[in-house]
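File shown: input16.tsv (TSV, C-alpha atoms and all ligand atoms).
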chain	number	residue	atom	x	y	z
A	1	MET	CA	44.77	-72.58	-56.29
A	2	ILE	CA	47.75	-73.19	-54.15
A	3	ALA	CA	47.25	-75.65	-51.38
A	4	ALA	CA	50.05	-76.94	-49.26
A	5	CYS	CA	51.17	-80.49	-49.11
A	6	LEU	CA	53.64	-82.18	-46.87
A	7	ALA	CA	55.24	-85.55	-47.10
A	8	LEU	CA	56.28	-86.40	-43.59
A	9	VAL	CA	58.43	-89.43	-43.09
A	10	ALA	CA	58.10	-89.59	-39.35
A	11	ALA	CA	55.26	-91.65	-38.03
A	12	GLY	CA	52.97	-90.15	-35.48
A	13	CYS	CA	52.82	-86.71	-37.04
A	14	VAL	CA	49.07	-86.65	-36.62
A	15	THR	CA	48.12	-86.19	-32.99
A	16	PRO	CA	44.44	-85.42	-33.05
A	17	GLY	CA	42.50	-84.38	-30.03
A	18	ARG	CA	39.33	-86.43	-29.82
A	19	ASN	CA	36.72	-84.12	-28.42
A	20	ALA	CA	33.80	-83.23	-30.62
A	21	PHE	CA	35.00	-79.90	-31.94
A	22	ARG	CA	38.75	-80.21	-32.01
A	23	GLY	CA	39.03	-83.78	-33.22
A	24	LEU	CA	39.05	-85.29	-36.66
A	25	PRO	CA	35.72	-85.79	-38.40
A	26	ASP	CA	34.43	-89.18	-37.33
A	27	ARG	CA	30.63	-88.93	-37.37
A	28	HIS	CA	30.30	-90.44	-40.82
A	29	GLU	CA	32.46	-92.74	-42.87
A	30	PHE	CA	32.41	-93.67	-46.52
A	31	ARG	CA	34.69	-96.56	-47.33
A	32	ASP	CA	35.52	-98.03	-50.69
A	33	GLU	CA	38.52	-99.74	-52.17
A	34	GLY	CA	41.53	-97.49	-51.63
A	35	LEU	CA	39.53	-94.56	-50.31
A	36	THR	CA	38.01	-93.72	-46.94
A	37	ILE	CA	36.20	-90.45	-46.31
A	38	HIS	CA	35.64	-89.41	-42.70
A	39	SER	CA	33.23	-86.51	-42.55
A	40	ASP	CA	31.23	-84.37	-40.17
A	41	MET	CA	28.32	-84.34	-42.62
A	42	LYS	CA	26.91	-87.49	-44.15
A	43	LEU	CA	27.96	-88.04	-47.74
A	44	PRO	CA	25.72	-90.37	-49.73
A	45	SER	CA	27.60	-92.65	-52.09
A	46	SER	CA	26.01	-90.69	-54.93
A	47	ASP	CA	27.49	-87.39	-53.69
A	48	PRO	CA	29.16	-85.45	-56.52
A	49	LEU	CA	32.33	-85.06	-54.42
A	50	ILE	CA	32.77	-88.82	-54.33
A	51	ALA	CA	32.05	-89.14	-58.04
A	52	ASP	CA	34.64	-86.44	-58.61
A	53	LEU	CA	37.31	-88.34	-56.68
A	54	TYR	CA	36.60	-91.49	-58.67
A	55	ARG	CA	36.91	-89.48	-61.86
A	56	VAL	CA	40.24	-88.03	-60.76
A	57	ARG	CA	41.45	-91.52	-59.89
A	58	ASP	CA	40.42	-92.88	-63.28
A	59	GLN	CA	41.97	-89.93	-65.10
A	60	ILE	CA	45.27	-90.18	-63.23
A	61	THR	CA	45.44	-93.92	-63.85
A	62	GLU	CA	44.74	-93.51	-67.56
A	63	VAL	CA	46.75	-90.36	-68.34
A	64	LEU	CA	49.80	-91.34	-66.32
A	65	ASP	CA	49.47	-95.10	-66.89
A	66	LEU	CA	49.85	-95.76	-63.19
A	67	PRO	CA	49.08	-99.13	-61.60
A	68	ASN	CA	46.41	-99.51	-58.95
A	69	ALA	CA	47.48	-97.86	-55.73
A	70	ASN	CA	48.85	-100.18	-53.10
A	71	ARG	CA	47.97	-97.86	-50.22
A	72	SER	CA	44.65	-96.37	-49.23
A	73	VAL	CA	44.01	-92.63	-48.97
A	74	SER	CA	42.03	-91.20	-46.05
A	75	VAL	CA	40.09	-87.99	-46.56
A	76	TYR	CA	39.06	-85.96	-43.50
A	77	LEU	CA	36.29	-83.61	-44.49
A	78	PHE	CA	35.37	-80.99	-41.90
A	79	ARG	CA	31.95	-79.36	-41.94
A	80	ASP	CA	33.34	-75.81	-42.15
A	81	GLN	CA	36.48	-73.75	-42.15
A	82	GLU	CA	36.40	-72.99	-38.44
A	83	ARG	CA	36.31	-76.68	-37.49
A	84	TYR	CA	39.10	-77.42	-39.95
A	85	ALA	CA	41.28	-74.50	-38.81
A	86	THR	CA	40.83	-75.38	-35.15
A	87	TYR	CA	41.88	-78.96	-35.77
A	88	MET	CA	44.87	-78.04	-37.91
A	89	GLN	CA	46.12	-75.46	-35.42
A	90	THR	CA	45.83	-78.01	-32.63
A	91	ALA	CA	47.28	-81.04	-34.40
A	92	HIS	CA	49.72	-79.27	-36.72
A	93	PRO	CA	50.57	-75.88	-35.24
A	94	GLU	CA	53.75	-75.79	-37.32
A	95	LEU	CA	51.81	-75.64	-40.59
A	96	PRO	CA	50.85	-72.42	-42.34
A	97	ASN	CA	47.24	-71.36	-42.71
A	98	ARG	CA	46.06	-73.12	-45.87
A	99	ARG	CA	42.71	-74.23	-47.20
A	100	ALA	CA	43.61	-77.90	-47.50
A	101	PHE	CA	46.49	-80.24	-46.83
A	102	PHE	CA	47.86	-83.57	-47.84
A	103	ILE	CA	50.08	-85.17	-45.23
A	104	GLY	CA	51.76	-88.41	-46.12
A	105	SER	CA	53.49	-90.54	-43.53
A	106	THR	CA	54.56	-94.14	-43.28
A	107	THR	CA	51.31	-94.89	-41.49
A	108	GLU	CA	48.74	-92.85	-43.38
A	109	LEU	CA	48.11	-90.88	-46.55
A	110	ALA	CA	45.72	-88.22	-45.32
A	111	VAL	CA	43.85	-85.36	-46.96
A	112	TYR	CA	42.37	-82.59	-44.81
A	113	ALA	CA	39.77	-80.22	-46.25
A	114	PHE	CA	36.52	-78.52	-45.34
A	115	GLN	CA	33.13	-78.11	-46.97
A	116	GLY	CA	33.23	-74.76	-48.72
A	117	ASP	CA	32.92	-73.09	-52.10
A	118	ARG	CA	36.15	-74.66	-53.36
A	119	VAL	CA	36.00	-78.06	-51.74
A	120	GLY	CA	35.85	-79.86	-55.10
A	121	GLU	CA	39.02	-78.22	-56.36
A	122	ASP	CA	40.76	-78.73	-53.00
A	123	LEU	CA	39.88	-82.43	-52.86
A	124	ARG	CA	40.94	-83.04	-56.45
A	125	HIS	CA	44.29	-81.37	-55.76
A	126	GLU	CA	45.03	-83.10	-52.46
A	127	TYR	CA	43.68	-86.47	-53.57
A	128	THR	CA	46.04	-86.34	-56.53
A	129	HIS	CA	48.91	-86.08	-54.06
A	130	GLY	CA	47.43	-88.99	-52.15
A	131	LEU	CA	47.22	-91.19	-55.24
A	132	LEU	CA	50.75	-90.31	-56.35
A	133	HIS	CA	52.12	-91.13	-52.91
A	134	ALA	CA	50.08	-94.33	-52.85
A	135	THR	CA	51.70	-95.46	-56.07
A	136	LEU	CA	55.19	-93.98	-56.29
A	137	ARG	CA	58.10	-94.53	-53.93
A	138	THR	CA	59.18	-90.94	-54.42
A	139	VAL	CA	58.09	-87.92	-56.41
A	140	PRO	CA	59.90	-84.60	-56.80
A	141	LEU	CA	58.09	-81.73	-55.12
A	142	TRP	CA	57.66	-79.69	-58.31
A	143	LEU	CA	56.13	-82.64	-60.18
A	144	ASP	CA	53.91	-83.55	-57.23
A	145	GLU	CA	52.51	-80.01	-57.31
A	146	GLY	CA	52.42	-79.74	-61.10
A	147	LEU	CA	50.32	-82.88	-61.40
A	148	ALA	CA	48.04	-81.82	-58.52
A	149	GLU	CA	47.49	-78.45	-60.19
A	150	TYR	CA	46.79	-80.25	-63.48
A	151	PHE	CA	44.17	-82.64	-62.10
A	152	GLU	CA	42.53	-80.14	-59.74
A	153	VAL	CA	40.92	-78.36	-62.71
A	154	GLY	CA	38.43	-81.19	-63.07
A	155	GLY	CA	35.90	-81.86	-65.81
A	156	THR	CA	35.05	-84.95	-67.77
A	157	GLN	CA	38.22	-84.69	-69.82
A	158	PRO	CA	41.58	-84.04	-68.15
A	159	GLY	CA	43.74	-81.19	-69.40
A	160	ALA	CA	41.44	-78.17	-69.33
A	161	LEU	CA	43.53	-75.07	-68.88
A	162	ASN	CA	43.82	-73.58	-65.44
A	163	ARG	CA	43.13	-70.14	-66.86
A	164	ASP	CA	44.42	-68.28	-63.85
A	165	HIS	CA	47.81	-70.00	-64.12
A	166	ALA	CA	47.81	-69.68	-67.89
A	167	HIS	CA	47.13	-65.96	-67.97
A	168	ARG	CA	49.47	-65.15	-65.09
A	169	LEU	CA	52.31	-67.07	-66.75
A	170	ALA	CA	51.65	-65.42	-70.11
A	171	THR	CA	51.83	-62.04	-68.40
A	172	ALA	CA	54.98	-63.00	-66.50
A	173	LEU	CA	56.57	-64.08	-69.76
A	174	GLU	CA	55.88	-60.67	-71.26
A	175	ASN	CA	57.54	-59.14	-68.21
A	176	GLY	CA	60.74	-61.14	-68.58
A	177	TRP	CA	60.07	-64.28	-66.52
A	178	ARG	CA	61.66	-67.43	-67.95
A	179	PRO	CA	61.00	-71.11	-67.11
A	180	ASP	CA	63.82	-73.02	-65.46
A	181	LEU	CA	63.09	-76.66	-64.70
A	182	GLN	CA	66.53	-77.29	-63.25
A	183	ARG	CA	65.83	-74.61	-60.64
A	184	LEU	CA	62.41	-76.10	-59.90
A	185	GLU	CA	64.02	-79.48	-59.39
A	186	GLN	CA	66.17	-78.05	-56.62
A	187	LEU	CA	63.13	-77.14	-54.51
A	188	ASP	CA	62.50	-79.69	-51.80
A	189	ASP	CA	60.52	-77.73	-49.23
A	190	ILE	CA	56.97	-76.55	-49.72
A	191	ALA	CA	57.90	-73.26	-48.05
A	192	GLN	CA	60.25	-72.56	-50.98
A	193	MET	CA	57.50	-72.87	-53.55
A	194	ARG	CA	56.23	-69.49	-54.68
A	195	ARG	CA	53.01	-68.98	-56.57
A	196	VAL	CA	54.89	-68.74	-59.87
A	197	ASP	CA	56.63	-72.04	-59.10
A	198	TYR	CA	53.26	-73.81	-58.82
A	199	GLN	CA	52.27	-72.18	-62.09
A	200	GLU	CA	55.47	-73.20	-63.84
A	201	SER	CA	55.15	-76.76	-62.51
A	202	TRP	CA	51.62	-76.93	-63.89
A	203	ALA	CA	52.82	-75.54	-67.24
A	204	TRP	CA	55.57	-78.15	-67.62
A	205	VAL	CA	53.05	-80.93	-66.93
A	206	HIS	CA	50.55	-79.47	-69.39
A	207	PHE	CA	53.28	-78.99	-71.99
A	208	LEU	CA	54.50	-82.57	-71.66
A	209	LEU	CA	51.01	-84.06	-71.82
A	210	HIS	CA	49.53	-81.89	-74.57
A	211	GLU	CA	52.18	-80.13	-76.61
A	212	ALA	CA	55.64	-81.69	-76.69
A	213	PRO	CA	55.98	-84.61	-79.14
A	214	GLY	CA	56.84	-87.65	-77.04
A	215	GLY	CA	56.27	-85.65	-73.87
A	216	ARG	CA	53.63	-87.90	-72.39
A	217	ALA	CA	55.70	-91.04	-73.01
A	218	LEU	CA	58.68	-89.33	-71.39
A	219	LEU	CA	56.62	-88.47	-68.32
A	220	VAL	CA	54.99	-91.90	-68.13
A	221	ASP	CA	58.39	-93.63	-68.33
A	222	TYR	CA	59.73	-91.33	-65.63
A	223	LEU	CA	56.81	-92.11	-63.34
A	224	LYS	CA	57.32	-95.84	-63.92
A	225	GLU	CA	60.85	-95.41	-62.65
A	226	LEU	CA	59.59	-93.59	-59.57
A	227	GLN	CA	57.57	-96.70	-58.72
A	228	THR	CA	60.77	-98.58	-57.96
A	229	THR	CA	63.37	-96.02	-56.90
A	230	THR	CA	63.54	-93.87	-53.83
A	231	VAL	CA	65.91	-91.32	-55.36
A	232	ALA	CA	64.31	-89.40	-58.20
A	233	PRO	CA	66.57	-88.84	-61.20
A	234	SER	CA	66.46	-85.50	-63.01
A	235	LEU	CA	63.58	-85.15	-65.43
A	236	ALA	CA	65.04	-81.85	-66.67
A	237	GLU	CA	68.07	-83.69	-68.07
A	238	ARG	CA	65.87	-86.15	-69.95
A	239	ILE	CA	63.73	-83.39	-71.36
A	240	ARG	CA	66.81	-81.55	-72.54
A	241	ARG	CA	68.05	-84.72	-74.25
A	242	GLU	CA	64.78	-85.73	-75.86
A	243	ILE	CA	62.90	-82.49	-76.50
A	244	PRO	CA	65.17	-80.00	-78.27
A	245	SER	CA	64.75	-76.38	-77.16
A	246	ALA	CA	62.17	-77.47	-74.60
A	247	GLU	CA	62.22	-74.23	-72.64
A	248	MET	CA	61.81	-72.13	-75.81
A	249	ARG	CA	58.92	-74.35	-76.85
A	250	LEU	CA	57.35	-74.10	-73.44
A	251	MET	CA	57.55	-70.32	-73.68
A	252	SER	CA	55.85	-70.37	-77.08
A	253	TYR	CA	53.17	-72.63	-75.61
A	254	ILE	CA	52.62	-70.32	-72.66
A	255	ALA	CA	52.42	-67.31	-74.98
A	256	THR	CA	49.40	-68.91	-76.66
A	257	PHE	CA	47.62	-68.91	-73.29
A	258	ALA	CA	47.30	-65.13	-73.39
A	259	THR	CA	44.53	-65.37	-75.97
A	260	SER	CA	43.16	-68.83	-75.19
A	261	SER	CA	39.55	-69.16	-74.13
A	262	VAL	CA	39.81	-72.84	-73.30
A	263	GLY	CA	39.24	-74.07	-69.78
A	264	ARG	CA	37.76	-72.28	-66.84
A	265	SER	CA	38.71	-69.60	-64.38
A	266	VAL	CA	40.34	-70.52	-61.12
A	267	LEU	CA	40.84	-67.38	-59.10
A	301	ZN	ZN	49.68	-79.44	-53.46

Taking this structure as input, can you express it in the form of structure tokens?
Amino acid sequence: MIAACLALVAAGCVTPGRNAFRGLPDRHEFRDEGLTIHSDMKLPSSDPLIADLYRVRDQITEVLDLPNANRSVSVYLFRDQERYATYMQTAHPELPNRRAFFIGSTTELAVYAFQGDRVGEDLRHEYTHGLLHATLRTVPLWLDEGLAEYFEVGGTQPGALNRDHAHRLATALENGWRPDLQRLEQLDDIAQMRRVDYQESWAWVHFLLHEAPGGRALLVDYLKELQTTTVAPSLAERIRREIPSAEMRLMSYIATFATSSVGRSVL
């Protein structure tokens, strides 16, 4: 799925109305270390959505070798789409109509989503953004999205294929599309990101973590650097240096997706 995510530097970007329908969810609160969930509906601590967020946090920490987050993430979970849409249109009229959002500012790392058929996937995706922004001083847009698409798939083991992305990319490849990480690195506005860009970002992350020799170490080292710098260096240059013919190898990897039955469908 493609959800939108914004990293706003300016404080005060959230200007919620506070009446019962238009305001943020505040009837119930679940609070644990590094995570607060404000919801219209009560969530018991045993709720599968909460267990899912813990699992995503553990997987991100382990796979990416990230330290514990030094900022907390707030999740605002609306009871339904209408409540969510009304709030978002009131508080953030400039934003497009999307199913979920992550908005990071200097004052809050906030996830907005609603209870619906795809709430698990939406929360995994947006919470991944939250955790990355809670840990890193900067993260390139393409990598932010690629990692969110990677961890949104869920499951007890990270890395299941997002079959929708996999099959669409395999088809695009047959029709002449080619990966271009340098081009992806130039994108710095969510509005520039097309569906295929999310798919390519996901594919580079999957390739680095599961296919390219030394790919995970390369990515982990890069993320360590992003913990201390505010200007992200080019990962494409490092990949070109350390993984010969990376784009050809990525294409071969994507071509195998056409016949793969691993993973699950995300439509
Ligand atoms: Zn996203």

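When only C-alpha atoms and all ligand atoms are used to measure the gap to ligand ZN 301 (chain A), the shortest distance among A:Pro244, A:Gly159, A:Pro213, A:Gly104 belongs to A:Gly104.
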
Chain A near ligand ZN 301 (chain A) within 12 Å: what's each residue's closest atom pair and its distance in Å to one decimal, counting only C-alpha atoms and all ligand atoms, ordered by chain then ascending residue number, as a Markdown table?
| residue | atom | partner | partner_atom | distance |
| --- | --- | --- | --- | --- |
| A:Met1 | CA | A:ZN301 | ZN | 8.9 |
| A:Ile2 | CA | A:ZN301 | ZN | 6.6 |
| A:Ala3 | CA | A:ZN301 | ZN | 5.0 |
| A:Ala4 | CA | A:ZN301 | ZN | 4.9 |
| A:Cys5 | CA | A:ZN301 | ZN | 4.7 |
| A:Leu6 | CA | A:ZN301 | ZN | 8.2 |
| A:Ala7 | CA | A:ZN301 | ZN | 10.4 |
| A:Arg98 | CA | A:ZN301 | ZN | 10.5 |
| A:Arg99 | CA | A:ZN301 | ZN | 10.7 |
| A:Ala100 | CA | A:ZN301 | ZN | 8.6 |
| A:Phe101 | CA | A:ZN301 | ZN | 7.4 |
| A:Phe102 | CA | A:ZN301 | ZN | 7.2 |
| A:Ile103 | CA | A:ZN301 | ZN | 10.0 |
| A:Gly104 | CA | A:ZN301 | ZN | 11.8 |
| A:Val111 | CA | A:ZN301 | ZN | 10.5 |
| A:Tyr112 | CA | A:ZN301 | ZN | 11.8 |
| A:Glu121 | CA | A:ZN301 | ZN | 11.1 |
| A:Asp122 | CA | A:ZN301 | ZN | 9.0 |
| A:Leu123 | CA | A:ZN301 | ZN | 10.3 |
| A:Arg124 | CA | A:ZN301 | ZN | 9.9 |
| A:His125 | CA | A:ZN301 | ZN | 6.2 |
| A:Glu126 | CA | A:ZN301 | ZN | 6.0 |
| A:Tyr127 | CA | A:ZN301 | ZN | 9.2 |
| A:Thr128 | CA | A:ZN301 | ZN | 8.4 |
| A:His129 | CA | A:ZN301 | ZN | 6.7 |
| A:Gly130 | CA | A:ZN301 | ZN | 9.9 |
| A:Leu132 | CA | A:ZN301 | ZN | 11.3 |
| A:His133 | CA | A:ZN301 | ZN | 12.0 |
| A:Pro140 | CA | A:ZN301 | ZN | 11.9 |
| A:Leu141 | CA | A:ZN301 | ZN | 8.9 |
| A:Trp142 | CA | A:ZN301 | ZN | 9.3 |
| A:Leu143 | CA | A:ZN301 | ZN | 9.8 |
| A:Asp144 | CA | A:ZN301 | ZN | 7.0 |
| A:Glu145 | CA | A:ZN301 | ZN | 4.8 |
| A:Gly146 | CA | A:ZN301 | ZN | 8.1 |
| A:Leu147 | CA | A:ZN301 | ZN | 8.7 |
| A:Ala148 | CA | A:ZN301 | ZN | 5.8 |
| A:Glu149 | CA | A:ZN301 | ZN | 7.1 |
| A:Tyr150 | CA | A:ZN301 | ZN | 10.5 |
| A:Phe151 | CA | A:ZN301 | ZN | 10.7 |
| A:Glu152 | CA | A:ZN301 | ZN | 9.5 |
| A:Asp189 | CA | A:ZN301 | ZN | 11.8 |
| A:Ile190 | CA | A:ZN301 | ZN | 8.7 |
| A:Ala191 | CA | A:ZN301 | ZN | 11.6 |
| A:Met193 | CA | A:ZN301 | ZN | 10.2 |
| A:Arg194 | CA | A:ZN301 | ZN | 12.0 |
| A:Arg195 | CA | A:ZN301 | ZN | 11.4 |
| A:Asp197 | CA | A:ZN301 | ZN | 11.6 |
| A:Tyr198 | CA | A:ZN301 | ZN | 8.6 |
| A:Gln199 | CA | A:ZN301 | ZN | 11.6 |
| A:Ser201 | CA | A:ZN301 | ZN | 10.9 |
| A:Trp202 | CA | A:ZN301 | ZN | 10.9 |

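Pairwise distance (atom CA of Asn162 of chain A, atom CA of Glu242 of chain A) equals 26.4 Å.
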
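The spacing separating atom CA of Tyr76 of chain A from atom CA of Arg31 of chain A amounts to 12.1 Å.
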
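In terms of minimum interatomic distance to Thr171 of chain A, A:Thr259 ranks closest within A:Thr229, A:Thr90, A:Ser245, A:Thr259, counting all atoms listed in the file.
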
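With only C-alpha atoms as the atoms that count, the residue of A:Ala255, A:Ala203, A:Leu223, A:Leu77 with the shortest distance to Thr61 of chain A is A:Leu223.
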
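Using all atoms listed in the file, the shortest contact distance between Glu225 of chain A and any of A:Val139, A:Ile50, A:Met41, A:Ile254 is found at A:Val139.
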
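Using all atoms listed in the file, the nearest neighbour of Gly214 of chain A within the list A:Ile243, A:Pro233, A:Pro179, A:Lys42 is A:Ile243.
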
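In terms of minimum interatomic distance to Pro25 of chain A, A:Asp80 ranks closest within A:Glu237, A:Asp80, A:Asp47, A:Glu94, counting all atoms listed in the file.
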
Within 8 Å of segment 32-36 of chain A using all atoms listed in the file, minus same-chain residues under 4 positions, as a PDB file with C-alpha atoms, in the frame of the given file:
ATOM      1  CA  ALA A  69      47.480 -97.860 -55.730  1.00  0.00           C
ATOM      2  CA  ASN A  70      48.850-100.180 -53.100  1.00  0.00           C
ATOM      3  CA  ARG A  71      47.970 -97.860 -50.220  1.00  0.00           C
ATOM      4  CA  SER A  72      44.650 -96.370 -49.230  1.00  0.00           C
ATOM      5  CA  VAL A  73      44.010 -92.630 -48.970  1.00  0.00           C
ATOM      6  CA  SER A  74      42.030 -91.200 -46.050  1.00  0.00           C
ATOM      7  CA  VAL A  75      40.090 -87.990 -46.560  1.00  0.00           C
TER       8      VAL A  75
END

If we draw a sphere of 9 Å around (33.3, -90.2, -38.3), which residues have at least one atom in it when counting only C-alpha atoms? Please report them as an mmCIF file with C-alpha atoms, keeping the file's coordinate frame.
data_model
loop_
_atom_site.group_PDB
_atom_site.id
_atom_site.type_symbol
_atom_site.label_atom_id
_atom_site.label_comp_id
_atom_site.auth_asym_id
_atom_site.auth_seq_id
_atom_site.Cartn_x
_atom_site.Cartn_y
_atom_site.Cartn_z
ATOM 1 C CA LEU A 24 39.050 -85.290 -36.660
ATOM 2 C CA PRO A 25 35.720 -85.790 -38.400
ATOM 3 C CA ASP A 26 34.430 -89.180 -37.330
ATOM 4 C CA ARG A 27 30.630 -88.930 -37.370
ATOM 5 C CA HIS A 28 30.300 -90.440 -40.820
ATOM 6 C CA GLU A 29 32.460 -92.740 -42.870
ATOM 7 C CA PHE A 30 32.410 -93.670 -46.520
ATOM 8 C CA ILE A 37 36.200 -90.450 -46.310
ATOM 9 C CA HIS A 38 35.640 -89.410 -42.700
ATOM 10 C CA SER A 39 33.230 -86.510 -42.550
ATOM 11 C CA ASP A 40 31.230 -84.370 -40.170
ATOM 12 C CA MET A 41 28.320 -84.340 -42.620
ATOM 13 C CA TYR A 76 39.060 -85.960 -43.500
#

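Picture a line from atom CA of Ala232 of chain A to atom CA of Val153 of chain A; it runs 26.3 Å.
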